[in-house]
>>> print(open('input14.csv').read())   # CSV, C-alpha atoms
chain,number,residue,atom,x,y,z
A,1,THR,CA,34.7,-6.0,6.6
A,2,ILE,CA,31.8,-3.9,5.3
A,3,GLY,CA,33.2,-1.0,7.4
A,4,ASP,CA,36.6,-1.3,5.7
A,5,LEU,CA,34.9,-1.0,2.3
A,6,LEU,CA,32.8,2.0,3.4
A,7,ASP,CA,35.9,3.8,4.5
A,8,MET,CA,38.1,2.7,1.6
A,9,ARG,CA,40.5,0.8,3.8
A,10,SER,CA,40.1,-2.7,2.2
A,11,GLY,CA,43.9,-3.1,1.9
A,12,LEU,CA,43.6,-4.2,-1.7
A,13,GLU,CA,46.4,-3.2,-4.0
A,14,TRP,CA,44.8,-0.4,-6.1
A,15,ARG,CA,46.1,2.5,-8.1
A,16,GLU,CA,43.6,5.4,-8.4
A,17,PRO,CA,45.4,8.5,-7.1
A,18,LEU,CA,43.5,11.7,-6.4
A,19,THR,CA,45.9,13.5,-8.7
A,20,ASP,CA,46.3,14.1,-12.5
A,21,ALA,CA,47.9,10.7,-12.8
A,22,PRO,CA,45.9,8.1,-14.7
A,23,PRO,CA,43.6,5.8,-12.5
A,24,GLU,CA,45.3,2.6,-13.7
A,25,SER,CA,43.3,0.1,-11.7
A,26,LEU,CA,40.0,1.7,-12.5
A,27,LEU,CA,40.8,1.7,-16.2
A,28,GLU,CA,41.8,-2.0,-16.0
A,29,MET,CA,38.6,-2.8,-14.2
A,30,GLU,CA,36.6,-1.1,-16.9
A,31,ARG,CA,38.2,-3.2,-19.6
A,32,SER,CA,37.8,-6.5,-17.7
A,33,SER,CA,35.1,-9.0,-18.5
A,34,ASP,CA,34.0,-9.4,-14.8
A,35,TRP,CA,34.6,-6.4,-12.5
A,36,ILE,CA,33.9,-8.3,-9.3
A,37,ASP,CA,36.4,-11.0,-10.2
A,38,PHE,CA,38.9,-8.3,-11.1
A,39,ILE,CA,38.6,-6.5,-7.8
A,40,LEU,CA,38.7,-9.7,-5.7
A,41,ASP,CA,41.8,-10.9,-7.7
A,42,ARG,CA,43.8,-7.8,-6.5
A,43,PRO,CA,46.6,-8.8,-4.1
A,44,MET,CA,46.6,-7.4,-0.6
A,45,ALA,CA,48.9,-4.4,-0.2
A,46,GLN,CA,48.4,-4.0,3.5
A,47,PRO,CA,46.1,-5.4,6.3
A,48,PRO,CA,42.5,-4.3,6.0
A,49,GLY,CA,41.3,-1.4,8.1
A,50,GLN,CA,44.7,0.2,8.4
A,51,THR,CA,45.2,2.9,5.8
A,52,PHE,CA,43.0,4.9,3.5
A,53,ASN,CA,43.5,4.3,-0.3
A,54,TYR,CA,41.1,5.8,-2.8
A,55,ASN,CA,39.5,2.7,-4.4
A,56,SER,CA,36.3,2.8,-6.5
A,57,GLY,CA,36.5,-1.0,-6.5
A,58,ASP,CA,35.7,-1.1,-2.7
A,59,TRP,CA,32.4,0.7,-3.4
A,60,HIS,CA,31.6,-1.6,-6.4
A,61,LEU,CA,31.9,-4.6,-4.1
A,62,LEU,CA,29.4,-2.8,-1.7
A,63,SER,CA,27.0,-2.5,-4.6
A,64,ALA,CA,27.3,-6.2,-5.4
A,65,ILE,CA,26.9,-7.2,-1.7
A,66,LEU,CA,23.8,-5.0,-1.3
A,67,GLY,CA,22.3,-6.7,-4.4
A,68,ARG,CA,22.8,-10.1,-2.8
A,69,ARG,CA,21.4,-9.2,0.6
A,70,THR,CA,18.2,-7.5,-0.6
A,71,PRO,CA,15.5,-8.5,-3.1
A,72,LEU,CA,16.6,-5.5,-5.3
A,73,ASP,CA,19.9,-4.5,-6.8
A,74,SER,CA,21.5,-1.3,-5.3
A,75,ALA,CA,20.0,1.0,-7.9
A,76,ASP,CA,16.4,-0.2,-7.5
A,77,TYR,CA,16.9,-0.3,-3.7
A,78,ALA,CA,18.0,3.3,-3.8
A,79,ARG,CA,15.0,4.3,-5.9
A,80,ARG,CA,12.7,2.8,-3.4
A,81,VAL,CA,14.2,3.9,-0.1
A,82,LEU,CA,16.0,7.1,-1.0
A,83,PHE,CA,15.0,8.6,-4.3
A,84,GLU,CA,11.2,8.2,-4.1
A,85,PRO,CA,10.9,9.8,-0.6
A,86,LEU,CA,13.0,12.7,-1.9
A,87,GLY,CA,11.0,13.1,-5.1
A,88,ILE,CA,14.1,12.3,-7.2
A,89,ARG,CA,12.9,10.7,-10.5
A,90,ASP,CA,15.5,11.6,-13.2
A,91,VAL,CA,18.3,9.2,-12.4
A,92,ARG,CA,20.7,7.4,-14.7
A,93,TRP,CA,23.0,4.7,-13.2
A,94,ARG,CA,25.6,2.8,-15.1
A,95,ARG,CA,26.1,-0.9,-14.7
A,96,ASP,CA,29.0,-3.3,-15.3
A,97,ARG,CA,28.9,-6.1,-17.8
A,98,GLN,CA,27.1,-8.4,-15.3
A,99,GLY,CA,24.4,-5.8,-14.8
A,100,ILE,CA,25.6,-4.7,-11.3
A,101,PRO,CA,25.0,-1.0,-10.7
A,102,ILE,CA,28.4,0.6,-10.4
A,103,GLY,CA,29.2,1.4,-6.8
A,104,GLY,CA,32.1,3.9,-7.1
A,105,TYR,CA,30.8,6.2,-9.8
A,106,GLY,CA,28.5,6.4,-12.8
A,107,ILE,CA,25.3,7.8,-11.3
A,108,TYR,CA,23.9,11.0,-12.9
A,109,LEU,CA,21.5,13.4,-11.2
A,110,GLU,CA,20.2,16.9,-11.8
A,111,PRO,CA,21.9,19.5,-9.6
A,112,ARG,CA,18.6,20.1,-7.8
A,113,ASP,CA,18.4,16.4,-6.9
A,114,MET,CA,22.0,16.4,-5.7
A,115,ALA,CA,21.1,19.3,-3.4
A,116,LYS,CA,18.2,17.2,-1.9
A,117,ILE,CA,20.7,14.6,-0.8
A,118,GLY,CA,22.8,17.3,0.8
A,119,TYR,CA,19.7,18.7,2.4
A,120,LEU,CA,18.8,15.3,3.8
A,121,LEU,CA,22.3,15.1,5.5
A,122,LEU,CA,22.0,18.7,6.8
A,123,HIS,CA,18.7,17.7,8.5
A,124,HIS,CA,20.1,14.5,10.0
A,125,GLY,CA,18.4,12.1,7.6
A,126,GLU,CA,14.9,13.7,7.9
A,127,TRP,CA,12.8,14.8,4.9
A,128,ALA,CA,9.3,16.2,5.1
A,129,GLY,CA,8.8,14.7,8.6
A,130,GLN,CA,10.1,11.2,7.6
A,131,GLN,CA,13.3,9.7,8.9
A,132,VAL,CA,14.7,8.5,5.5
A,133,VAL,CA,18.2,7.8,6.7
A,134,PRO,CA,18.9,6.9,10.4
A,135,ARG,CA,20.2,9.9,12.4
A,136,ALA,CA,23.0,7.8,13.8
A,137,TRP,CA,24.3,7.3,10.2
A,138,THR,CA,24.5,11.0,9.5
A,139,GLU,CA,26.3,11.5,12.7
A,140,ARG,CA,28.9,9.0,11.6
A,141,VAL,CA,29.4,10.9,8.4
A,142,PHE,CA,30.1,14.2,10.2
A,143,ALA,CA,32.5,12.3,12.5
A,144,ALA,CA,34.5,10.9,9.6
A,145,PRO,CA,37.3,9.0,11.2
A,146,VAL,CA,39.8,8.4,8.4
A,147,ASP,CA,42.6,10.7,7.5
A,148,MET,CA,42.9,10.9,3.7
A,149,HIS,CA,46.6,12.2,3.9
A,150,LEU,CA,45.9,14.7,1.1
A,151,GLY,CA,48.6,17.2,2.4
A,152,ALA,CA,46.0,20.0,2.5
A,153,ALA,CA,46.4,23.0,4.8
A,154,VAL,CA,43.7,21.5,7.0
A,155,ALA,CA,42.9,17.9,7.6
A,156,VAL,CA,40.5,16.2,5.1
A,157,ARG,CA,38.9,13.1,6.4
A,158,TYR,CA,36.8,10.3,4.9
A,159,GLY,CA,33.8,8.3,6.3
A,160,LYS,CA,31.0,6.3,4.7
A,161,GLY,CA,31.6,7.7,1.3
A,162,TRP,CA,31.7,11.4,2.3
A,163,TRP,CA,34.6,13.8,2.7
A,164,ALA,CA,34.8,16.0,5.8
A,165,VAL,CA,36.8,19.0,6.8
A,166,PRO,CA,36.3,19.0,10.6
A,167,GLU,CA,38.1,22.4,11.1
A,168,LYS,CA,35.5,24.0,8.8
A,169,HIS,CA,32.6,21.8,10.1
A,170,VAL,CA,31.8,20.8,6.5
A,171,VAL,CA,31.0,17.5,4.8
A,172,MET,CA,31.1,16.9,1.0
A,173,ALA,CA,30.2,14.3,-1.6
A,174,VAL,CA,33.0,14.7,-4.2
A,175,GLY,CA,32.5,13.3,-7.6
A,176,PHE,CA,34.5,12.8,-10.8
A,177,LEU,CA,36.0,16.1,-12.1
A,178,GLY,CA,35.0,17.9,-8.9
A,179,GLN,CA,31.3,17.5,-8.9
A,180,LEU,CA,30.3,18.5,-5.4
A,181,ILE,CA,27.6,18.4,-2.8
A,182,ILE,CA,28.8,20.7,0.0
A,183,VAL,CA,26.9,20.7,3.4
A,184,LEU,CA,27.6,23.6,5.7
A,185,PRO,CA,25.6,23.3,8.9
A,186,ASP,CA,27.0,26.5,10.5
A,187,VAL,CA,25.3,28.7,7.9
A,188,ASP,CA,22.5,26.3,7.1
A,189,VAL,CA,23.5,26.0,3.4
A,190,VAL,CA,23.8,23.2,0.9
A,191,ALA,CA,25.7,24.0,-2.3
A,192,VAL,CA,26.0,22.0,-5.4
A,193,VAL,CA,28.7,22.4,-8.1
A,194,THR,CA,28.9,20.4,-11.3
A,195,GLY,CA,32.2,19.1,-12.7
A,196,ARG,CA,35.3,21.1,-13.3
A,197,ARG,CA,38.8,19.8,-12.5
A,198,ASN,CA,41.3,21.4,-10.2
A,199,ARG,CA,38.9,23.6,-8.3
A,200,PRO,CA,40.4,24.9,-5.0
A,201,ILE,CA,37.7,23.2,-2.8
A,202,LEU,CA,38.8,24.6,0.5
A,203,LEU,CA,38.7,28.2,-0.9
A,204,LEU,CA,35.3,27.5,-2.5
A,205,ILE,CA,34.0,26.4,0.9
A,206,ASP,CA,35.2,29.7,2.5
A,207,ARG,CA,33.6,31.8,-0.2
A,208,ILE,CA,30.2,30.0,0.0
A,209,ALA,CA,30.2,30.4,3.8
A,210,ALA,CA,31.1,34.1,3.5
A,211,ALA,CA,28.3,34.6,0.9
A,212,ALA,CA,25.6,33.5,3.2
A,213,ALA,CA,24.8,37.0,4.3
A,214,SER,CA,21.1,36.6,5.1
A,215,ALA,CA,19.4,34.5,7.7
A,216,ARG,CA,16.2,34.5,5.7
A,217,PRO,CA,15.4,33.5,2.1
A,218,LEU,CA,15.8,36.3,-0.5
A,219,ALA,CA,12.7,37.8,-2.1
A,220,ASP,CA,11.6,36.6,-5.5
A,221,ASP,CA,13.4,38.2,-8.4
A,222,ASP,CA,11.5,37.6,-11.7
A,223,ALA,CA,13.9,39.7,-13.8
A,224,GLY,CA,17.0,37.9,-12.4
A,225,ARG,CA,15.4,34.5,-12.9
A,226,ALA,CA,14.6,35.4,-16.5
A,227,ARG,CA,18.3,36.5,-17.1
A,228,LEU,CA,19.5,33.2,-15.6
A,229,ALA,CA,17.2,31.2,-17.8
A,230,ALA,CA,18.4,33.0,-20.9
A,231,ARG,CA,22.1,32.4,-20.0
A,232,VAL,CA,21.3,28.7,-19.3
A,233,GLU,CA,19.6,28.4,-22.7
A,234,ALA,CA,22.5,30.1,-24.5
A,235,ALA,CA,25.1,27.8,-22.8
A,236,ALA,CA,23.1,24.7,-23.8
A,237,THR,CA,23.0,25.7,-27.5
A,238,GLU,CA,26.0,24.2,-29.4
A,239,GLN,CA,28.0,26.5,-31.6
A,240,ALA,CA,29.8,24.9,-34.6
A,241,SER,CA,33.6,24.9,-34.5
A,242,ALA,CA,35.7,25.7,-37.5
A,243,VAL,CA,36.5,22.7,-39.8
A,244,GLY,CA,39.2,22.3,-42.4
A,245,PRO,CA,38.6,21.2,-45.9
A,246,PRO,CA,38.4,17.4,-46.4
A,247,SER,CA,41.6,15.5,-47.3
A,248,PRO,CA,42.0,13.2,-50.3
A,249,LEU,CA,43.1,10.7,-47.7
A,250,ALA,CA,39.6,10.4,-46.3
A,251,ARG,CA,38.6,7.8,-48.9
A,252,GLU,CA,41.9,5.9,-48.6
A,253,ILE,CA,41.8,5.5,-44.8
A,254,SER,CA,38.0,4.8,-44.6
A,255,GLY,CA,37.2,1.1,-44.1
A,256,ARG,CA,40.7,0.2,-43.0
A,257,ARG,CA,41.4,-1.2,-39.6
A,258,TRP,CA,44.3,0.5,-37.8
A,259,SER,CA,45.9,-1.4,-34.9
A,260,PHE,CA,48.0,0.0,-32.1
A,261,GLU,CA,50.6,-1.3,-29.7
A,262,ARG,CA,49.6,-1.6,-26.0
A,263,ASN,CA,48.9,1.8,-24.5
A,264,VAL,CA,47.5,3.4,-21.3
A,265,LEU,CA,44.2,4.1,-23.0
A,266,GLY,CA,43.7,0.5,-23.9
A,267,LEU,CA,42.9,1.5,-27.5
A,268,SER,CA,43.8,-1.6,-29.6
A,269,ALA,CA,42.3,-0.6,-33.0
A,270,ILE,CA,40.1,1.9,-34.8
A,271,THR,CA,38.2,1.9,-38.1
A,272,PHE,CA,37.0,5.1,-39.7
A,273,ASP,CA,34.2,5.8,-42.2
A,274,LEU,CA,34.7,9.4,-43.3
A,275,VAL,CA,33.0,9.2,-46.7
A,276,GLY,CA,29.7,7.5,-46.1
A,277,SER,CA,26.3,9.1,-45.5
A,278,ASP,CA,26.6,8.6,-41.8
A,279,PRO,CA,30.3,9.2,-40.9
A,280,GLY,CA,31.7,7.5,-37.8
A,281,PHE,CA,34.3,5.2,-36.3
A,282,ILE,CA,34.5,1.9,-34.5
A,283,ALA,CA,37.1,1.9,-31.6
A,284,GLU,CA,38.2,-1.4,-30.1
A,285,ILE,CA,39.2,-1.2,-26.4
A,286,GLY,CA,41.3,-3.8,-24.6
A,287,SER,CA,44.1,-6.3,-25.4
A,288,ALA,CA,44.6,-7.0,-29.0
A,289,THR,CA,44.7,-10.7,-28.2
A,290,SER,CA,41.6,-10.8,-25.9
A,291,ALA,CA,38.2,-12.0,-27.0
A,292,GLU,CA,36.7,-9.6,-24.4
A,293,ARG,CA,37.5,-6.4,-26.4
A,294,LEU,CA,34.9,-3.6,-26.1
A,295,ARG,CA,33.8,-2.3,-29.5
A,296,ILE,CA,32.5,1.3,-29.4
A,297,ALA,CA,30.7,2.4,-32.6
A,298,ALA,CA,30.2,6.1,-32.7
A,299,ARG,CA,28.9,8.7,-35.1
A,300,ILE,CA,31.1,11.7,-35.9
A,301,GLY,CA,30.2,15.2,-37.1
A,302,LEU,CA,32.3,16.6,-39.9
A,303,ASP,CA,30.5,20.0,-39.9
A,304,GLY,CA,31.8,21.3,-36.6
A,305,LEU,CA,28.9,19.9,-34.6
A,306,PHE,CA,28.8,16.9,-32.4
A,307,ARG,CA,26.9,13.7,-33.2
A,308,GLN,CA,25.6,11.7,-30.3
A,309,ARG,CA,25.4,7.9,-29.6
A,310,GLU,CA,24.5,5.9,-26.6
A,311,ILE,CA,26.9,3.1,-25.7
A,312,PRO,CA,25.3,0.0,-24.3
A,313,GLY,CA,26.4,-0.4,-20.7
A,314,GLY,CA,28.2,2.9,-20.7
A,315,PRO,CA,27.7,6.7,-21.0
A,316,ALA,CA,26.5,8.4,-24.1
A,317,LEU,CA,29.2,10.0,-26.1
A,318,ALA,CA,29.3,12.7,-28.8
A,319,ALA,CA,32.1,13.1,-31.4
A,320,LYS,CA,33.2,15.5,-34.1
A,321,GLY,CA,36.2,15.6,-36.4
A,322,SER,CA,38.1,17.8,-38.8
A,323,TRP,CA,41.2,17.6,-41.0
A,324,ARG,CA,44.0,19.7,-39.5
A,325,ASP,CA,45.9,19.3,-42.8
A,326,GLU,CA,46.0,16.7,-45.6
A,327,LYS,CA,47.5,14.0,-43.3
A,328,THR,CA,46.2,14.8,-39.8
A,329,PHE,CA,42.6,14.1,-38.7
A,330,ASP,CA,41.6,15.5,-35.3
A,331,VAL,CA,38.7,14.0,-33.3
A,332,VAL,CA,37.0,15.4,-30.2
A,333,VAL,CA,35.0,12.9,-28.0
A,334,ARG,CA,32.8,14.1,-25.2
A,335,MET,CA,31.6,11.5,-22.6
A,336,LEU,CA,28.2,13.0,-21.9
A,337,GLY,CA,27.3,13.0,-18.2
A,338,ASP,CA,30.9,12.3,-17.1
A,339,GLY,CA,32.2,15.6,-18.3
A,340,VAL,CA,35.3,14.0,-19.9
A,341,VAL,CA,36.5,15.6,-23.2
A,342,ARG,CA,39.2,13.7,-25.0
A,343,THR,CA,41.0,14.9,-28.1
A,344,TYR,CA,42.9,12.7,-30.6
A,345,ALA,CA,45.1,13.5,-33.5
A,346,PHE,CA,45.6,10.8,-36.1
A,347,ALA,CA,48.6,11.5,-38.3
A,348,PHE,CA,48.6,9.2,-41.3
A,349,SER,CA,51.7,8.2,-43.3
A,350,GLY,CA,51.5,5.3,-45.8
A,351,ASN,CA,50.4,2.2,-43.9
A,352,GLU,CA,51.1,3.8,-40.5
A,353,VAL,CA,49.3,6.1,-38.2
A,354,GLU,CA,50.7,8.0,-35.2
A,355,VAL,CA,48.2,8.9,-32.5
A,356,SER,CA,48.4,11.6,-29.8
A,357,SER,CA,45.8,12.1,-27.2
A,358,SER,CA,45.0,14.4,-24.3
A,359,ALA,CA,42.0,14.8,-21.9
A,360,ASN,CA,40.5,17.4,-19.6
A,361,GLN,CA,40.9,15.2,-16.6
A,362,GLY,CA,44.6,15.2,-16.8
A,363,ALA,CA,45.4,11.9,-18.5
A,364,PRO,CA,48.8,11.9,-20.2
A,365,VAL,CA,49.5,12.2,-23.9
A,366,VAL,CA,50.1,8.8,-25.5
>>> encode(input="input14.csv", output="structure tokens")
Amino acid sequence: TIGDLLDMRSGLEWREPLTDAPPESLLEMERSSDWIDFILDRPMAQPPGQTFNYNSGDWHLLSAILGRRTPLDSADYARRVLFEPLGIRDVRWRRDRQGIPIGGYGIYLEPRDMAKIGYLLLHHGEWAGQQVVPRAWTERVFAAPVDMHLGAAVAVRYGKGWWAVPEKHVVMAVGFLGQLIIVLPDVDVVAVVTGRRNRPILLLIDRIAAAAASARPLADDDAGRARLAARVEAAATEQASAVGPPSPLAREISGRRWSFERNVLGLSAITFDLVGSDPGFIAEIGSATSAERLRIAARIGLDGLFRQREIPGGPALAAKGSWRDEKTFDVVVRMLGDGVVRTYAFAFSGNEVEVSSSANQGAPVV
């Protein structure tokens, strides 16, 4: 039922653990040619409505269903009925290969606009005198019925896409790498935090609640605001990293296509250009025998600074590289918006290349 999807209790076989283990089913879905077919082809692991299992595919089905039941797809529908009333205009929303807005992740908002959604929930769906979301819906969110079985010190429950900690009277929207919208009705506070993995969320909730020391807004602080603006500007200014001298191998490996055995990243081949006027690489993702392989063409900075490129149907990425020694080329790739940083080391030896990789979201070395 729709309710089973909303509470992630579809019963579909799906591997997307809330740990550092790789989200195997999500990665397989990303590589598939038709995401909806991929989800619906999953075998049943248990009866629907029985047990919680984190599954971004459930929410992608919801996005597709909404697009069929309304004149607009889910992204355009959200803009009309949710974002416009809240004054949210700067929204980026990824889509799958069929153009369906991704339901389980892939939406990018400014922190201030994330806070507006939390504020809407805090005020039972009302914004500026308008009932944007039914009050009964917000009450269902606060009464989240589903035990997530996280093994935490206090029970964490799930309902309608939100996480709830009933003991602390808190609800949260929890995104990839720990991006959070935290709603604390007892202290009349909404807190937004952008991505950082392995944050102790329950401790963070306690600290936010304890910090709400005033029942009234604080007075304006122009000097403090100026200091904050200066820190934000400094953090947003890229500093070049150290780079090693170019290797004589750069010319030899450029233009060659290097193929790989099957691996957890789905990287089937890569081609470098490290000697042209616009250095870069072409990575092929998916099965080496599949016609549905995804080709990602990216620029790469060799001066210690990232070069950016937008990937059609995906997030923008930025990459830079440097020779560690004469035979090893290191590449750092940032998925902009997602917060994912993946590092690769390509060790060349004759006609072979050995690749090691790690990422800040805890994916294993391969």
>>> closest_residue(input="input14.csv", among="A:Arg231, A:Arg262, A:His169, A:Arg9", to="Met44 of chain A", atoms="all atoms listed in the file")
A:Arg9
>>> residues_around(input="input14.csv", residues="segment 81-92 of chain A", least_positions_apart="2", cutoff="7 Å", atoms="all atoms listed in the file", output="list in words")
Tyr77, Ala78, Arg79, Arg94, Ile107, Tyr108, Leu109, Asp113, Lys116 and Val132 of chain A
>>> atom_distance(input="input14.csv", atom1="atom CA of Val193 of chain A", atom2="atom CA of Gln179 of chain A")
5.6 Å
>>> closest_residue(input="input14.csv", among="A:Ala269, A:Val170, A:Ala230, A:Ile296", to="Asp206 of chain A", atoms="all atoms listed in the file")
A:Val170
>>> atom_distance(input="input14.csv", atom1="atom CA of Arg342 of chain A", atom2="atom CA of Trp35 of chain A")
24.1 Å
>>> closest_residue(input="input14.csv", among="A:Val332, A:Ala213, A:Leu228, A:Val154", to="Ile201 of chain A", atoms="all atoms listed in the file")
A:Val154
>>> closest_residue(input="input14.csv", among="A:Ala164, A:Leu302, A:Leu72, A:Ala212", to="Ala319 of chain A", atoms="only C-alpha atoms")
A:Leu302
>>> atom_distance(input="input14.csv", atom1="atom CA of Arg207 of chain A", atom2="atom CA of Val189 of chain A")
12.2 Å
>>> residues_around(input="input14.csv", residues="Ile36 of chain A", least_positions_apart="2", cutoff="9 Å", atoms="all atoms listed in the file", output="PyMOL selection string")
chain A and resi 29+34+38-41+57+60-61+64
>>> residues_around(input="input14.csv", residues="Val183 of chain A", least_positions_apart="4", cutoff="6 Å", atoms="all atoms listed in the file", output="list in words")
Gly118, Val170, Val171 and Val190 of chain A
>>> closest_residue(input="input14.csv", among="A:Ala211, A:Ala219, A:Ala318, A:Ala191", to="Gly339 of chain A", atoms="all atoms listed in the file")
A:Ala318
>>> build_atoms(input="input14.csv", residues="segment 35-43 of chain A", atoms="all heavy atoms", output="compact mmCIF listing (two decimals), in the frame of the given file")
# COMPACT_ATOMS: atom_id res chain seq x y z
N TRP A 35 33.97 -7.39 -13.44
CA TRP A 35 34.60 -6.40 -12.50
C TRP A 35 34.75 -6.96 -11.13
O TRP A 35 35.76 -6.68 -10.49
CB TRP A 35 33.68 -5.16 -12.50
CG TRP A 35 33.65 -4.37 -13.76
CD1 TRP A 35 33.98 -4.80 -15.02
CD2 TRP A 35 33.25 -3.01 -13.90
NE1 TRP A 35 33.82 -3.79 -15.93
CE2 TRP A 35 33.36 -2.69 -15.27
CE3 TRP A 35 32.80 -2.05 -13.01
CZ2 TRP A 35 33.05 -1.42 -15.77
CZ3 TRP A 35 32.47 -0.78 -13.49
CH2 TRP A 35 32.61 -0.47 -14.85
N ILE A 36 33.78 -7.72 -10.64
CA ILE A 36 33.90 -8.30 -9.30
C ILE A 36 35.10 -9.20 -9.19
O ILE A 36 35.89 -9.14 -8.24
CB ILE A 36 32.60 -8.96 -8.85
CG1 ILE A 36 31.45 -7.95 -8.81
CG2 ILE A 36 32.78 -9.63 -7.49
CD1 ILE A 36 31.63 -6.80 -7.85
N ASP A 37 35.25 -10.09 -10.17
CA ASP A 37 36.40 -11.00 -10.20
C ASP A 37 37.71 -10.17 -10.22
O ASP A 37 38.69 -10.50 -9.55
CB ASP A 37 36.35 -11.94 -11.35
CG ASP A 37 35.39 -13.09 -11.12
OD1 ASP A 37 34.88 -13.21 -9.98
OD2 ASP A 37 35.15 -13.87 -12.06
N PHE A 38 37.70 -9.11 -11.03
CA PHE A 38 38.90 -8.30 -11.10
C PHE A 38 39.28 -7.70 -9.77
O PHE A 38 40.45 -7.73 -9.36
CB PHE A 38 38.70 -7.16 -12.15
CG PHE A 38 39.83 -6.18 -12.22
CD1 PHE A 38 40.93 -6.43 -13.03
CD2 PHE A 38 39.82 -5.02 -11.45
CE1 PHE A 38 42.00 -5.53 -13.08
CE2 PHE A 38 40.87 -4.12 -11.49
CZ PHE A 38 41.96 -4.38 -12.31
N ILE A 39 38.28 -7.16 -9.06
CA ILE A 39 38.60 -6.50 -7.80
C ILE A 39 39.06 -7.59 -6.75
O ILE A 39 40.06 -7.38 -6.05
CB ILE A 39 37.29 -5.84 -7.22
CG1 ILE A 39 36.84 -4.72 -8.17
CG2 ILE A 39 37.53 -5.27 -5.82
CD1 ILE A 39 35.42 -4.25 -7.94
N LEU A 40 38.35 -8.71 -6.69
CA LEU A 40 38.70 -9.70 -5.70
C LEU A 40 40.04 -10.42 -6.03
O LEU A 40 40.65 -11.02 -5.14
CB LEU A 40 37.60 -10.76 -5.60
CG LEU A 40 36.27 -10.24 -5.03
CD1 LEU A 40 35.21 -11.33 -5.05
CD2 LEU A 40 36.46 -9.69 -3.63
N ASP A 41 40.48 -10.31 -7.27
CA ASP A 41 41.80 -10.90 -7.70
C ASP A 41 42.95 -9.96 -7.32
O ASP A 41 44.11 -10.35 -7.52
CB ASP A 41 41.81 -11.19 -9.15
CG ASP A 41 41.05 -12.48 -9.49
OD1 ASP A 41 40.79 -13.25 -8.55
OD2 ASP A 41 40.72 -12.68 -10.67
N ARG A 42 42.67 -8.72 -6.86
CA ARG A 42 43.80 -7.80 -6.50
C ARG A 42 44.54 -8.40 -5.31
O ARG A 42 43.91 -8.86 -4.35
CB ARG A 42 43.30 -6.43 -6.13
CG ARG A 42 42.57 -5.61 -7.18
CD ARG A 42 43.32 -5.48 -8.48
NE ARG A 42 42.98 -6.58 -9.36
CZ ARG A 42 43.72 -7.03 -10.36
NH1 ARG A 42 44.89 -6.48 -10.59
NH2 ARG A 42 43.33 -8.02 -11.12
N PRO A 43 45.85 -8.34 -5.33
CA PRO A 43 46.60 -8.80 -4.10
C PRO A 43 46.42 -7.80 -2.99
O PRO A 43 46.01 -6.65 -3.19
CB PRO A 43 48.07 -8.76 -4.65
CG PRO A 43 48.08 -7.79 -5.78
CD PRO A 43 46.73 -7.91 -6.44
